[in-house]
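Visitor: The following file, coords.txt, comprises compact mmCIF, C-alpha atoms:
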# COMPACT_ATOMS: atom_id res chain seq x y z
CA MET A 15 -37.29 0.47 21.16
CA THR A 16 -37.02 -1.22 17.76
CA VAL A 17 -33.73 -1.12 15.87
CA THR A 18 -34.24 0.27 12.35
CA SER A 19 -32.06 0.29 9.32
CA SER A 20 -32.33 2.13 6.01
CA ILE A 21 -30.25 3.31 3.09
CA GLU A 22 -29.99 7.10 3.06
CA VAL A 23 -28.27 9.69 0.91
CA ILE A 24 -25.98 11.61 3.25
CA THR A 25 -25.18 15.10 2.01
CA PRO A 26 -22.38 17.22 3.49
CA GLU A 27 -25.07 19.33 5.17
CA LYS A 28 -26.72 16.30 6.76
CA ALA A 29 -23.33 14.96 7.91
CA GLN A 30 -22.53 18.34 9.47
CA GLY A 31 -25.86 18.39 11.30
CA TRP A 32 -25.41 14.89 12.70
CA LEU A 33 -21.91 15.68 13.94
CA GLU A 34 -23.00 18.96 15.56
CA ALA A 35 -25.94 17.28 17.33
CA ASN A 36 -23.81 14.44 18.70
CA THR A 37 -23.11 14.40 22.45
CA PHE A 38 -21.51 10.95 22.59
CA VAL A 39 -17.74 11.02 23.19
CA ASN A 40 -16.27 9.31 20.12
CA ARG A 41 -12.62 8.44 19.58
CA ARG A 42 -10.25 11.15 18.40
CA VAL A 43 -10.69 12.02 14.73
CA ARG A 44 -7.74 10.87 12.65
CA ASP A 45 -7.24 13.44 9.91
CA THR A 46 -5.24 11.09 7.69
CA HIS A 47 -8.09 8.56 7.73
CA VAL A 48 -10.65 11.26 6.93
CA LYS A 49 -8.55 12.46 3.99
CA MET A 50 -8.13 8.91 2.72
CA ILE A 51 -11.90 8.27 2.73
CA ALA A 52 -12.57 11.70 1.21
CA ASN A 53 -10.18 10.90 -1.61
CA GLU A 54 -11.97 7.58 -2.19
CA ILE A 55 -15.28 9.46 -2.41
CA ARG A 56 -13.91 12.10 -4.83
CA GLU A 57 -12.32 9.44 -7.05
CA GLY A 58 -15.55 7.41 -7.17
CA ARG A 59 -14.07 4.40 -5.37
CA TRP A 60 -16.26 4.64 -2.26
CA LYS A 61 -19.15 2.18 -2.57
CA LEU A 62 -22.28 1.28 -0.65
CA ASN A 63 -20.78 -1.71 1.15
CA GLY A 64 -23.07 -2.44 4.09
CA GLU A 65 -21.05 -0.54 6.70
CA ALA A 66 -23.49 1.52 8.73
CA ILE A 67 -23.70 4.91 10.34
CA VAL A 68 -24.96 3.96 13.82
CA PHE A 69 -27.07 6.06 16.23
CA ASP A 70 -28.37 5.41 19.75
CA PRO A 71 -32.03 6.03 20.72
CA GLN A 72 -31.25 9.69 21.55
CA GLY A 73 -29.75 10.31 18.10
CA ASN A 74 -26.14 10.28 19.27
CA LEU A 75 -23.56 8.97 16.82
CA LEU A 76 -22.02 5.67 17.92
CA ASP A 77 -20.13 4.80 14.74
CA GLY A 78 -19.31 6.57 11.48
CA GLN A 79 -17.76 9.91 12.44
CA HIS A 80 -14.78 9.50 10.07
CA ARG A 81 -17.11 8.76 7.17
CA LEU A 82 -19.23 11.81 7.98
CA TRP A 83 -16.20 14.09 8.22
CA ALA A 84 -14.98 12.65 4.89
CA ILE A 85 -18.30 13.47 3.21
CA ILE A 86 -17.86 17.06 4.39
CA GLU A 87 -14.20 17.09 3.27
CA ALA A 88 -15.06 15.69 -0.17
CA ASN A 89 -18.17 17.90 -0.46
CA ARG A 90 -20.03 14.99 -2.07
CA ALA A 91 -23.20 13.14 -1.10
CA VAL A 92 -22.82 9.43 -0.33
CA SER A 93 -25.36 6.64 0.10
CA SER A 94 -24.95 4.61 3.28
CA VAL A 95 -26.78 2.20 5.54
CA VAL A 96 -28.01 4.05 8.63
CA VAL A 97 -28.92 2.06 11.76
CA ARG A 98 -30.82 3.68 14.61
CA ASN A 99 -31.75 2.82 18.20
CA ILE A 100 -28.63 0.82 19.06
CA THR A 101 -28.07 1.00 22.82
CA PRO A 102 -24.82 2.69 23.94
CA ASP A 103 -23.69 -0.44 25.81
CA ALA A 104 -23.21 -2.09 22.40
CA PHE A 105 -20.50 0.47 21.56
CA ALA A 106 -17.71 -1.79 22.86
CA THR A 107 -18.57 -4.40 20.22
CA LEU A 108 -18.25 -2.01 17.26
CA ASP A 109 -15.20 -2.37 14.95
CA SER A 110 -14.18 -5.56 16.75
CA GLY A 111 -13.81 -7.65 13.60
CA VAL A 112 -10.52 -8.22 11.77
CA LYS A 113 -10.02 -5.50 9.17
CA ARG A 114 -9.76 -6.80 5.62
CA SER A 115 -6.32 -6.07 4.17
CA ALA A 116 -5.45 -5.03 0.63
CA GLY A 117 -4.04 -8.52 0.12
CA ASP A 118 -7.38 -10.04 1.17
CA VAL A 119 -9.19 -7.82 -1.33
CA LEU A 120 -6.83 -8.76 -4.19
CA ALA A 121 -7.06 -12.47 -3.32
CA ALA A 122 -10.87 -12.24 -3.28
CA SER A 123 -10.75 -10.73 -6.78
CA GLY A 124 -8.72 -13.69 -8.07
CA VAL A 125 -5.18 -12.32 -7.78
CA LYS A 126 -2.56 -14.95 -6.97
CA ASN A 127 -0.36 -14.26 -3.94
CA GLY A 128 -2.60 -11.35 -2.96
CA MET A 129 -0.62 -10.23 0.10
CA SER A 130 2.71 -10.10 -1.74
CA THR A 131 1.16 -8.47 -4.79
CA ALA A 132 -0.51 -5.75 -2.70
CA ALA A 133 2.73 -4.93 -0.89
CA ALA A 134 4.67 -4.82 -4.17
CA ILE A 135 2.07 -2.58 -5.84
CA LYS A 136 2.54 -0.01 -3.09
CA LEU A 137 6.30 0.08 -3.71
CA VAL A 138 5.94 0.18 -7.50
CA HIS A 139 3.52 3.09 -7.27
CA PHE A 140 5.86 4.85 -4.84
CA VAL A 141 8.70 4.70 -7.38
CA MET A 142 6.45 5.80 -10.24
CA SER A 143 4.94 8.75 -8.36
CA ASN A 144 7.70 9.63 -5.85
CA ASP A 145 4.94 10.24 -3.31
CA HIS A 146 6.18 9.17 0.13
CA ASN A 147 2.62 9.29 1.52
CA ILE A 148 1.93 6.10 -0.42
CA LEU A 149 4.32 4.25 1.89
CA ASN A 150 2.11 5.13 4.85
CA LYS A 151 -1.35 4.63 3.46
CA LEU A 152 -2.86 3.15 0.33
CA SER A 153 -6.51 2.18 0.52
CA ASN A 154 -7.75 -1.26 -0.44
CA ALA A 155 -9.83 0.20 -3.28
CA GLU A 156 -6.87 2.18 -4.58
CA THR A 157 -4.64 -0.90 -4.46
CA LEU A 158 -7.21 -2.84 -6.47
CA ALA A 159 -7.46 0.01 -9.00
CA LEU A 160 -3.67 0.09 -9.36
CA MET A 161 -3.72 -3.54 -10.49
CA GLY A 162 -5.01 -2.19 -13.80
CA ARG A 163 -2.12 0.23 -14.07
CA TYR A 164 0.57 -2.29 -13.10
CA PRO A 165 -0.81 -5.69 -14.19
CA GLY A 166 2.66 -7.27 -14.32
CA VAL A 167 3.15 -6.97 -10.57
CA GLU A 168 1.12 -10.14 -9.99
CA GLU A 169 3.49 -12.14 -12.23
CA ALA A 170 6.57 -10.65 -10.55
CA ALA A 171 5.20 -11.43 -7.08
CA THR A 172 4.44 -15.01 -8.17
CA PHE A 173 8.01 -15.48 -9.43
CA VAL A 174 9.36 -14.26 -6.09
CA CYS A 175 6.93 -16.34 -4.02
CA ASN A 176 8.03 -19.43 -5.97
CA THR A 177 11.72 -18.66 -5.32
CA LYS A 178 11.91 -19.58 -1.66
CA GLN A 179 15.69 -19.32 -1.23
CA VAL A 180 15.82 -15.60 -1.90
CA ARG A 181 12.92 -14.89 0.44
CA LEU A 182 15.08 -16.11 3.31
CA ILE A 183 17.53 -13.29 2.56
CA MET A 184 15.33 -10.27 1.88
CA ALA A 185 11.70 -9.15 1.93
CA GLY A 186 9.56 -10.37 -0.92
CA ALA A 187 7.74 -7.09 -1.69
CA PRO A 188 10.78 -4.94 -2.65
CA LEU A 189 12.20 -7.80 -4.70
CA ALA A 190 8.87 -8.31 -6.49
CA ALA A 191 8.69 -4.57 -7.22
CA THR A 192 12.23 -4.58 -8.62
CA LEU A 193 11.51 -7.67 -10.69
CA TYR A 194 8.37 -6.02 -12.06
CA PHE A 195 10.47 -3.15 -13.41
CA ALA A 196 13.16 -5.52 -14.66
CA LEU A 197 10.64 -7.66 -16.56
CA GLN A 198 9.46 -4.55 -18.43
CA VAL A 199 12.98 -3.89 -19.71
CA ASP A 200 14.64 -7.28 -20.38
CA ARG A 201 12.71 -10.42 -19.44
CA ASP A 202 15.57 -12.90 -19.86
CA LYS A 203 17.98 -10.78 -17.88
CA ALA A 204 15.35 -10.14 -15.22
CA LEU A 205 14.90 -13.88 -14.61
CA ASP A 206 18.67 -14.34 -14.58
CA PHE A 207 18.84 -11.54 -12.00
CA LEU A 208 16.35 -13.34 -9.76
CA SER A 209 18.06 -16.71 -10.19
CA GLY A 210 21.48 -15.32 -9.26
CA LEU A 211 20.13 -13.51 -6.21
CA SER A 212 18.43 -16.69 -5.08
CA SER A 213 21.20 -19.28 -5.46
CA GLY A 214 24.43 -17.28 -5.61
CA GLU A 215 25.93 -20.13 -7.62
CA GLY A 216 28.81 -19.24 -9.93
CA LEU A 217 28.79 -15.55 -9.08
CA LEU A 218 32.19 -13.87 -9.17
CA ARG A 219 33.46 -11.00 -7.06
CA GLY A 220 32.04 -7.74 -8.42
CA ASP A 221 28.85 -9.34 -9.72
CA PRO A 222 26.07 -7.01 -8.48
CA ARG A 223 23.97 -9.99 -7.43
CA LEU A 224 26.74 -11.37 -5.23
CA THR A 225 27.35 -7.96 -3.66
CA CYS A 226 23.61 -7.65 -2.97
CA ARG A 227 23.38 -11.16 -1.49
CA THR A 228 26.35 -10.47 0.75
CA TYR A 229 24.84 -7.17 1.91
CA PHE A 230 21.57 -8.76 2.98
CA LEU A 231 23.10 -11.96 4.38
CA THR A 232 25.46 -10.05 6.66
CA ARG A 233 22.55 -7.98 7.99
CA ARG A 234 20.01 -10.75 8.34
CA GLY A 235 18.65 -10.97 11.86
CA THR A 236 20.50 -7.88 13.12
CA HIS A 237 17.90 -5.24 12.34
CA ARG A 238 14.93 -4.68 10.10
CA ILE A 239 15.68 -2.76 6.91
CA LYS A 240 12.63 -0.81 5.77
CA ASN A 241 11.07 -2.04 2.55
CA TYR A 242 11.64 1.19 0.64
CA ILE A 243 15.36 1.07 1.56
CA GLN A 244 15.57 -2.55 0.42
CA LEU A 245 13.90 -1.49 -2.82
CA ALA A 246 16.44 1.30 -3.39
CA LEU A 247 19.31 -1.16 -2.88
CA LEU A 248 17.74 -3.70 -5.21
CA ILE A 249 17.14 -1.10 -7.91
CA LYS A 250 20.81 -0.08 -7.69
CA THR A 251 21.77 -3.74 -7.98
CA TRP A 252 19.50 -4.26 -11.00
CA ASN A 253 20.78 -1.14 -12.76
CA ALA A 254 24.38 -2.30 -12.39
CA PHE A 255 23.49 -5.83 -13.53
CA LEU A 256 21.59 -4.53 -16.57
CA GLN A 257 24.64 -2.47 -17.59
CA ASP A 258 27.02 -5.42 -17.03
CA ARG A 259 28.81 -3.18 -14.55
CA GLU A 260 30.69 -4.44 -11.50
CA LEU A 261 29.34 -3.42 -8.12
CA HIS A 262 31.54 -3.84 -5.05
CA VAL A 263 29.79 -1.58 -2.52
CA LEU A 264 26.04 -1.38 -2.03
CA LYS A 265 24.58 1.48 -0.02
CA PHE A 266 21.81 4.06 -0.05
CA GLY A 267 22.26 7.32 1.83
CA ALA A 268 19.49 9.49 3.20
CA ALA A 269 20.68 12.46 1.13
CA GLU A 270 20.69 10.53 -2.15
CA PRO A 271 17.93 10.92 -4.73
CA TYR A 272 15.82 7.80 -4.89
CA PRO A 273 17.08 5.51 -7.69
CA ILE A 274 14.97 4.87 -10.77
CA PRO A 275 15.16 1.52 -12.60
CA MET A 276 16.90 1.93 -15.95
CA GLY A 277 14.50 1.96 -18.88
CA ILE A 278 11.55 3.00 -16.71
CA VAL A 279 9.93 6.42 -17.08
CA PRO A 280 7.92 7.44 -13.99
CA HIS A 281 4.41 8.78 -14.54
CA ARG A 282 5.26 11.95 -12.61
CA ARG A 283 7.90 13.11 -10.18
CA ARG A 284 6.85 15.06 -7.15
CA ALA A 285 8.98 16.51 -4.40
CA ALA A 286 9.53 14.06 -1.56
What would you get if you wrote out this structure as structure tokens?

Guide:
Amino acid sequence: MTVTSSIEVITPEKAQGWLEANTFVNRRVRDTHVKMIANEIREGRWKLNGEAIVFDPQGNLLDGQHRLWAIIEANRAVSSVVVRNITPDAFATLDSGVKRSAGDVLAASGVKNGMSTAAAIKLVHFVMSNDHNILNKLSNAETLALMGRYPGVEEAATFVCNTKQVRLIMAGAPLAATLYFALQVDRDKALDFLSGLSSGEGLLRGDPRLTCRTYFLTRRGTHRIKNYIQLALLIKTWNAFLQDRELHVLKFGAAEPYPIPMGIVPHRRRAA
């Protein structure tokens, strides 16, 4: 039987019919992935990209169930490549390629240090929206769209990537996110902040940068501190440095409200 391929408009009704007629045992549906794709469709970020809905000769669905459920969830029609008459024994080869990351997408669009910039954008948007779901999932298309909202993140990530000493102490993404905020408020002081964190030269006891360096150096290699915790600690350090205030103890407790960089007004604040 000949394999065919075509571009079809898939309505929610058509998606529902295909799913109901399917007798092939697909993998478990991941609701979070369905919701993510549905949101991309609703926001107009989902594009005809060559990924296919795949059927076997009996009309059973081999690949594409999450996209079909997302069309139903979004209640919007979507154009997609549809491939038919693929034999079921080819199922094991589906989705076997390396998934393109948000960093790959940014790099392909000309962004320097794409991986670092993508990771920093997620943290910046988390602070600005106070939406903890962002820490778990941010689509590649949404990350690319957020470049327009936070264009300075690329510069901040480049500064951090070019400051190798500090990257041996802490993760680059939370530092780049903090530096992005700092650069919006006081550029000279922001670069001084980064320089002091990196070298530690001439820092006196009580200098927030020295306290921060000591915190991370004493914990290096013992356990992994989550990026959003590192970001909270760095924001606290920056706030103290901006105010020329001494900082002798650096900590962030689970019951504390998440710190906001001084001089920055979040777009919206939602309950965590």

Visitor: From the options A:Ala52, A:Asp103, A:Cys175, A:Glu260, which residue's atoms come nearest to Leu217 (chain A), counting only C-alpha atoms?

Guide: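 Of all the options, A:Glu260 lies closest to Leu217 (chain A).
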
Visitor: Kindly indicate which residue among A:Arg98, A:Arg90, A:Lys203, A:His146 lies nearest to Thr18 (chain A), using only C-alpha atoms for the distances.

Guide: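 Closest candidate: A:Arg98.
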
Visitor: Once you count only C-alpha atoms, what closest atom pair and distance in Å to one decimal does each residue of region 63-103 of chain A within 7 Å of region 19-38 of chain A have, with rows by chain and rising residue number, as JSON lines?

Guide:
{"residue": "A:Asn74", "atom": "CA", "partner": "A:Asn36", "partner_atom": "CA", "distance": 4.8}
{"residue": "A:Leu75", "atom": "CA", "partner": "A:Asn36", "partner_atom": "CA", "distance": 5.8}
{"residue": "A:Leu82", "atom": "CA", "partner": "A:Ala29", "partner_atom": "CA", "distance": 5.2}
{"residue": "A:Ile85", "atom": "CA", "partner": "A:Pro26", "partner_atom": "CA", "distance": 5.5}
{"residue": "A:Ile86", "atom": "CA", "partner": "A:Pro26", "partner_atom": "CA", "distance": 4.6}
{"residue": "A:Asn89", "atom": "CA", "partner": "A:Pro26", "partner_atom": "CA", "distance": 5.8}
{"residue": "A:Arg90", "atom": "CA", "partner": "A:Pro26", "partner_atom": "CA", "distance": 6.4}
{"residue": "A:Ala91", "atom": "CA", "partner": "A:Thr25", "partner_atom": "CA", "distance": 4.2}
{"residue": "A:Val92", "atom": "CA", "partner": "A:Ile24", "partner_atom": "CA", "distance": 5.2}
{"residue": "A:Ser93", "atom": "CA", "partner": "A:Val23", "partner_atom": "CA", "distance": 4.3}
{"residue": "A:Ser94", "atom": "CA", "partner": "A:Ile21", "partner_atom": "CA", "distance": 5.5}
{"residue": "A:Val95", "atom": "CA", "partner": "A:Ile21", "partner_atom": "CA", "distance": 4.4}
{"residue": "A:Val96", "atom": "CA", "partner": "A:Ser20", "partner_atom": "CA", "distance": 5.4}
{"residue": "A:Val97", "atom": "CA", "partner": "A:Ser19", "partner_atom": "CA", "distance": 4.4}
{"residue": "A:Arg98", "atom": "CA", "partner": "A:Ser19", "partner_atom": "CA", "distance": 6.4}

Visitor: Point out the residue among A:Asn253, A:Asn53, A:Ser153, A:Asn99 with the least atom-to-atom distance to Ile67 (chain A), counting all atoms listed in the file.

Guide: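 When distances to Ile67 (chain A) are compared using all atoms listed in the file, the smallest one comes from A:Asn99.
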
Visitor: What residues have an atom no more than 12 Å from (19.9, -1.6, -12.6) in the file's own frame, counting all atoms listed in the file, and can you write them as number ranges by chain?

Guide: A: 192-193, 195-197, 199-200, 203-204, 207, 222-223, 226, 245-261, 273-278

Visitor: Near His262 (chain A), counting only C-alpha atoms, which residues have an atom at most 9 Å away, once you skip same-chain residues fewer than 2 positions from it, shown as a ChimeraX atom specification?

Guide: /A:219-222,224-225,260,264

Visitor: Taking all atoms listed in the file into account, name the residue in A:Ile100, A:Val180, A:Ala187, A:Leu149 that is nearest to Thr131 (chain A).

Guide: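 Using all atoms listed in the file, the shortest distance to Thr131 (chain A) belongs to A:Ala187.
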